[in-house]
Amino acid sequence: MDNATLKLRGMSCASCAKNIEDAIRSVPGVKEANVNFGVEQASVIYDAQKTNVETIQNAVEEAGYSAYSLQEQQMITGEDDTEKAARKAESRDLMLKVAVGGIISIILIVGSLPMMTGLHLPFIPAWLHNAWFQLLLTTPVQFWCGYSFYINGWKAFKRHAATMDTLIALGTSAAYFYSLFATIFPNFFINQGLMPEVYYETAAVVITLILLGRFFENRAKGQTSEAIRQLIGLQAKTARVIRNGKEVDLPIEEVQINDVILVRPGEKIPVDGEVVEGSSTIDESMVTGESIPVKKQSGDEVIGATINKTGSFKFRATRVGKDTVLAQIVQLVQQAQGSKAPIQRLADRVTGWFVPVVIAIAIATFVIWFNVMGNVTLALITTVGVLIIACPCALGLATPTSVMVGTGKGAENGILIKGAESLELAHKINSIVLDKTGTLTQGKPTVTDFITVNGTANRNELKLIKLAASVERNSEHPLAEAVVRYAETQEVSLADVEQFEAIAGSGVQGIVSDRLVQIGTSRWMTELGIDTANLQQFKTEWESAGKTAVWIAVDGEIEGLMGIADALKPSSPAAIKALKRLGLEVIMLTGDNRQTAEAIAREVGINRVFAEVRPDQKAAKVQEIQSEGKIVAMVGDGINDAPALAQADVGIAIGTGTDVAIAASDITLISGDLQGIVTAIQLSRATIQNIRQNLFFAFIYNVAGIPIAAGILFPFFGWLLNPIIAGGAMAFSSVSVVTNALRLRNFQPKTM
């Protein structure tokens, strides 16, 4: 299956988004399509054997809208020049129409005051409320300012559909053409004992108010993508590359992998790479959220867009263009902002039938009022009010605007949320499972104790270190790295290994100089039938101190025992307390033996521990917790955590971990600080609360507005029957929803 992201134009409300979704899904070969009204994008999953992007674009165009594919580079760098020009042109067009419509509307309202108040107002000249003069003023507003409503409404009609534009076109046209008839044929009304009243100001003011609301809505929607623009703006524009022994300033687009780049104090690091010469401290806060500058020296990785603070250094480019950390962050945030939260399904179902039902209510309103009151004017006014106030725009904006701001805010805090579903589900979590190594701990264990069966005579301990480290050098496990680093400190040269094998959750083995070397857990040694009794007292003592005991067997006999300790991350105890205060059950999951695991758990304040769990059992343990009826989040950083991350309701990967773990997760903490988990859950809860507020605003406008506009509460709210009030309320509903979503930009993690 292939993925495509299409930029859409021509949408005016949530019904348009639903129409486009239906059009795309009707294309043979399309598996899934999600249209986000907030960012005006469609995310499509399709079978390339059955269809292509061009066919999907044609389907969108046949539905009456336009679509173009976002290029890969544009996904990284943001809006292209064409899109920026189109956005500016649309804003200018709206401003001009609002200005013209506003001036004319004021003149029409002043001219209509005698009719609306029933009073003789001598200070208003008679020609100002002349019907023909008002017709002359209203016509350009109706057909020039309101041109888009007619065009889009007609396109929807041809597809046997209806949208917000349909409602606006019907409502304002009813007021305009009724007034036109009364202007041309006033005697028709006089002969029936009625006044030939006109409502040109209603049509003009409603169109102007709706365009004004759309203008503010567009501006506010633009602000919801501020996080993306800020991230994109972080990247450096040029790089000082050393080529042929000379320093050359190049645009970062021209930097290639393995280029050596010079960075001076105060400069931005242009791309990702590895330090090859010099040292410095680097401010990585804009990417990781970590405020303390990080010391870097030869061999350390540096991240593009971070700021060099103190020294000069050279580094070799390892990732450029779309592969840099920043580019991947931007793509993940864009992907999340284009996704759809489950809570939005309700709004989607409502908007699917909303407009046709409103039209039916409007027709019924006209018939009932005309039959009950016998007044065609009152019947018309209530009908127009129903059509105008019942706009599903706010409903369509309620969820995506909050998701856009929430995921963007997450990126600012070093939290990458892959989709709206993950963001929503995170607020329901009641159990959180933490891997120990690399999650609770630094992930850089060191050998603290080492004892051999044969003592230190004849350099026995160095010979054993050589055998153990030679085998462990082939493993990626953090404990293996500790053994290799220990050998390096002892200046031991390593040997070649044959028949290396890693036994998941148990240990490693290999042949070194014709000797079988096996290194691993006590349980594995027992399974192999190797007697460990002679060193058991050291194992018990070390494990009670929170150290991991690693056995070394050579040719089937125990030769030594290593004690390895992995220091806790400074933030771990505070983060565990904060998670508990959020009402979460915190569980530790580790392959370590129970005694070591419980010692670490006591230190950080965790009560429930799953110890001696092999990697292939971790997912089953998560499933076991889920079977208790709990919503489970799993936090891990290693390859062996990937199945458990995928099994969990929400997988949270430590960004300092492996690519496999990050790919399997729903949320990634770039900095590796566990406080990010607390922030992610707080952000999820704040976003869902914001969405619920938006949905309340959206529904309450329609639930309360339609009955009032229809005149059901006429004795109490008769003054609200004016369609101008309805137009203002409708425009305000969309603006209020987007403005409420923008409050999320003020989100700050709470100190627990």
# chains A, B, ... in the order shown; residues from 1 in each chain; ligands from 1
$ residues_around --residues "Ala426 of chain A" --least-positions-apart "2" --cutoff "7 Å" --atoms "only C-alpha atoms" --output "ChimeraX atom specification"
/A:422-424,428-429,650,681,684
$ residues_around --residues "Ile519 of chain A" --least-positions-apart "5" --cutoff "12 Å" --atoms "only C-alpha atoms" --output "JSON, numbers by chain"
{"A": [464, 465, 467, 468, 469, 470, 471, 472, 473, 475, 479, 480, 483, 500, 501, 502, 503, 505, 506, 507, 508, 509, 510, 511, 524, 525, 528, 530, 549, 550, 551, 552, 553, 554, 555, 556, 557, 558, 559, 560, 561, 562]}
$ residues_around --residues "segment 168-185 of chain A" --least-positions-apart "2" --cutoff "7 Å" --atoms "only C-alpha atoms" --output "JSON, numbers by chain"
{"A": [131, 132, 149, 150, 153, 164, 165, 166, 187, 188, 196, 197, 198, 199, 200, 202, 203, 384, 387, 388]}
$ atom_distance --atom1 "atom CA of Ile361 of chain A" --atom2 "atom CA of Asp22 of chain A"
25.0 Å
$ select_by_dssp --residues "segment 448-588 of chain A" --states "alpha helix (DSSP H)" --output "count of residues only"
50
$ residues_around --residues "segment 308-311 of chain A" --least-positions-apart "4" --cutoff "10 Å" --atoms "only C-alpha atoms" --output "number ranges by chain"
A: 263-269, 278-284, 293-296, 302
$ select_by_dssp --residues "segment 405-598 of chain A" --states "strand (DSSP E)" --output "VMD selection string"
chain A and resid 415 to 417 431 to 435 446 to 452 498 to 503 507 to 512 515 to 520 548 to 554 557 to 565 585 to 589
$ closest_residue --among "A:Ala362, A:Val367, A:Ile432, A:Ala63" --to "Asn152 of chain A" --atoms "only C-alpha atoms"
A:Ala63
$ atom_distance --atom1 "atom CA of Ala619 of chain A" --atom2 "atom CA of Thr521 of chain A"
20.7 Å
$ atom_distance --atom1 "atom CA of Thr318 of chain A" --atom2 "atom CA of Asp272 of chain A"
5.9 Å
